[in-house]
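Down below is the structure, laid out as structure tokens.
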Amino acid sequence: MSSSGAQISAAAVAAKVAELLPGIIDEDVLFRDESTGRVAEADLPDRLAAASINSTYARPPKLTLITPNDSISRQNFYTSGTTVGWSGAGFLTYLNAWLGQRFDIVNPQGAPVNGSTTQDVLDRLDTEVLPYEAGVAVVLLGTNDIDAGVPVATITANLAEIYTALRGTGALVVACTILPRDAAGDTATDRENLRAVNAWIKNYCRTARGVMLADTHAGLVNVGTGKALSGAYFADGIHPYPNGAHAVASVLYKVLVSTTPHYDDLTDSNADETNLLANGCLFNTPGYLALPGSAGNYASVPDFAAIPRGSFTIAVWAALDDWTPATANALVSQYDSSAGRSFHLSVGTDGKPKLVTDRLGDTSVVAVATGPTAVPFSDAAVGCLVVTRDASAGTVQFKTSAVAADGAVANAAALAATNLGAALTGQGTYSIFDASNAVEIGSRQTGTVDVAKGKLYRVMMFDDSGATVLDADFTDYAGEDTVPTVVSGETVTITPSGWSIAEGWTLTNGPGNAATPRKVARTDGVAGDWQEIEVTASTTSTSTTTLAPALITSGFSAGDFVMAEVEVEVDGDWAAGSGGSTALSPFVHLRCLDAGSSELLGLLAPVFLGTPAVLNSPLIPAGEAAPFRSVLATPAVAIPAGTVSLQLRLRHGSGATGTARWGRARVRTVDAAT
């Protein structure tokens with residue numbers, strides 16, 4: 001359009017304003033011609049420039065936030081003994097998570113002070129607040145003034161001075177209405193004064209530049225009584241429980257989400273040198289079955305008719321973390337103390353291979369063949385262990401093969417195996433027990449005994465003629481929870497390790513919990529995978545499900561400031577349990593441990609305290625659709641000497657259910673504490 005009086009709609013102006021100064025300027029006030037109700041496009045550039053000059057607010061120069069308030073804001077930060085973290089009773093825990101950790105929270109203990117009035121904050125602005133020049137200042141003040149009987153005129157004058165001082169530093173000021181109260185000693189006059197101050201705050205924000213209203217009072221008031229919501233929202237009628245903090249954050253989130261520049265400082269590659277985690281992107285490397293060495297982590301093949309019961313050969317390609325393990329590591333078995341015992345092949349604590357077989361029809365007759373020498377493989381190195389049982393001669397021969405795990409093996413002879421010592425005699429000429437239970441890979445007795453720790457690449461079984469009857473080949477499989485065997489077509493089920501748990505991470509459960517892990521491919525263009533965990537908690541106790549990687553032992557020194565951050569996406573199916581009032585709640589726990597595994601320091605986000613200890617609708621802002629993605633981050637704190645462990649945790653009440661997906665975890669050192 002030309003500049004000769006051409007007109008455009010207010011909606012078009014609004015779009016242009018949102019592009020240039022998003023969420024800051026009221027286009028109706030600045031650009032509308034009151035006589036016509038229209039806005040001239042020709043005037044737009046000049047008026048935008050003038051408005052920018054006249055406003056004391058510019059887009060935040062730094063993604064920093066400060067809360068120069070009282071104990072309600074001081075609840076954001078928690079410290080007790082060796083535990084430091086962002087508290088579930090603090091609204092910034094949720095706000096910062098929902099905004100993608102775009103803010104560094106500056107001076108979290110010094111800016112808010114317990115018991116502060118508006119005058120107290122004015123008195124310390126010059127020392128504890130203004131020097132930080134935060135990009136955003138959330139002002140939630142006045143409840144202590146109300147309690148002390150400070151006149152409304154004094155409270156509002158002080159707030160105006162605080163807002164002006166903060167705006168002068170270039171900060172965007174978020175003016176929060178005073179939270180409702182229901183404390184002993186509150187009077188009708190107190191409630192009337194509170195309403196009057198809140199009315200003034202709302203009116204002030206209608207005209208002030210660079211001050212945005214957050215009506216936090218409205219989210220927590222009992223509209224029938226005008227008092228604070230009771231029960232799960234407030235601890236004492238003044239200080240929010242986690243559910244109350246969640247409600248405050250939901251209001252702040254809606255105010256800030258459209259005006260805050262996007263900031264994503266998470267790692268997007270395992271090659272990120274700032275990440276102390278080896279697999280922060282939760283990748284799985286195809287080509288082997290990763291076993292963490294904990295109960296319940298193994299693979300299995302259903303019983304099938306082709307399993308030989310007389311003479312047979314088994315070949316296993318593996319890279320155990322320790323080939324002389326602290327406890328025996330089972331490689332392959334069909335052996336259960338109650339469901340029928342057939343055979344199991346393992347490596348003992350002395351590094352010697354062992355094959356145990358039970359006689360058909362009488363499992364009291366057992367042959368235990370222990371190899372004469374230890375396997376010649378280095379720890380974490382791939383080796384092929386072969387065992388041949390000759391039922392007619394009653395011998396067992398252990399061997400090794402140089403054939404690669406992904407090599408072509410047409411039959412047992414193709415292994416070209418080398419004897420590992422002399423053949424063992426007296427090993428029974430009977431047929432072994434015809435068990436009906438599954439063949440297990442990496443354990444025996446349904447993942448509860450002799451669970452292997454390391455990598456398994458391939459398991460083959462041959463009959464007495466040398467023909468292949470089972471080939472569970474993991475070397476070229478890049479799928480999820482199952483893999484078909486090459487020969488029989490049977491399905492190998494990975495339970496729940498391998499590609500269900502990201503490589504280098506382990507999953508542990510509290511008593512009675514049932515956790516189903518799944519690897520989920522990302523479709524948002526970000527490197528890595530989602531590690532999804534679906535939990536049904538015990539109906540009799542509260543407990544925690546933990547996803548954790550190996551200990552971090554290098555890359556930091558005592559005194560370094562260290563923090564953790566991780567993405568988490570939560571579904572809308574989270575539910576409180578039948579045995580309690582709380583649903584699942586994800587949090588991140590960075591632990592610094594001494595040589596005896598005692599915790600020297602624990603950094604958490606969030607720390608859930610008080611009653612209730614967890615949220616009924618965790619990490620989803622009020623009114624937002626699920627699934628909702630958040631970023632959790634611990635504070636940055638100087639750590640003592642020791643090792644560091646990151647734990648991604650789901651805490652839950654009894655009987656609670658829900659699903660969370662973790663992705664892009666990072667532990668890093670920073671220059672200073674935030």
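We name chains A, B, ... following the order of the structure tokens; residues begin at 1 in each chain, and ligands are numbered from 1 as shown.
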Query raised in the report: Could you name the residues that touch stretch 122-139 of chain A at 7 Å or less, counting only C-alpha atoms, but leaving out those on the same chain fewer than 4 positions away, as a VMD selection string?
Result: chain A and resid 60 to 69 110 to 111 118 162 166 169 to 176
Per residue of stretch 324-412 of chain A within 12 Å of stretch 285-304 of chain A, note the shortest atom pair and the distance in Å to one decimal, counting only C-alpha atoms, and order the rows by chain and increasing residue number, as CSV.
```
residue,atom,partner,partner_atom,distance
A:Pro325,CA,A:Gly293,CA,10.5
A:Ala326,CA,A:Gly293,CA,11.0
A:Thr327,CA,A:Gly293,CA,10.0
A:Ala328,CA,A:Gly293,CA,10.6
A:Asn329,CA,A:Gly293,CA,8.5
A:Ala330,CA,A:Tyr298,CA,10.0
A:Leu331,CA,A:Tyr298,CA,9.8
A:Val332,CA,A:Ser300,CA,9.1
A:Ser333,CA,A:Ser300,CA,9.3
A:Gln334,CA,A:Asp303,CA,8.6
A:Tyr335,CA,A:Asp303,CA,11.5
A:Ala339,CA,A:Asp303,CA,12.0
A:Gly340,CA,A:Asp303,CA,11.7
A:Ser342,CA,A:Asp303,CA,11.4
A:Ala380,CA,A:Ala290,CA,11.8
A:Val382,CA,A:Tyr288,CA,10.7
A:Ala405,CA,A:Gly287,CA,9.6
A:Asp406,CA,A:Gly287,CA,9.0
```
Query raised in the report: Between atom CA of A:Val248 and atom CA of A:Thr154, what is the spacing in Å?
Result: 25.2 Å
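Secondary structure by DSSP on the backbone puts the following residues of stretch 298-519 of chain A in helix (DSSP H, G or I): Ala412, Ala413, Ala414, Leu415, Gly498, Trp499 and Ser500 of chain A.
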Prev. selection, C-alpha atoms, output as a PDB file, in the first residue's frame:
```pdb
ATOM      1  CA  ALA A 412      29.286 -75.669  13.491  1.00  0.00           C
ATOM      2  CA  ALA A 413      32.333 -76.622  11.402  1.00  0.00           C
ATOM      3  CA  ALA A 414      32.512 -73.083  10.024  1.00  0.00           C
ATOM      4  CA  LEU A 415      33.459 -71.836  13.474  1.00  0.00           C
ATOM      5  CA  GLY A 498      19.114 -53.740  24.998  1.00  0.00           C
ATOM      6  CA  TRP A 499      17.324 -51.271  22.784  1.00  0.00           C
ATOM      7  CA  SER A 500      14.656 -50.643  25.398  1.00  0.00           C
TER       8      SER A 500
END
```
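Between A:Ser346 and the residues A:Val387, A:Ala306, A:Leu619, A:Ala583, the shortest atom-to-atom distance, using only C-alpha atoms, involves A:Val387.
Atom CA of A:Ala247 is found 11.2 Å from atom CA of A:Ala232.
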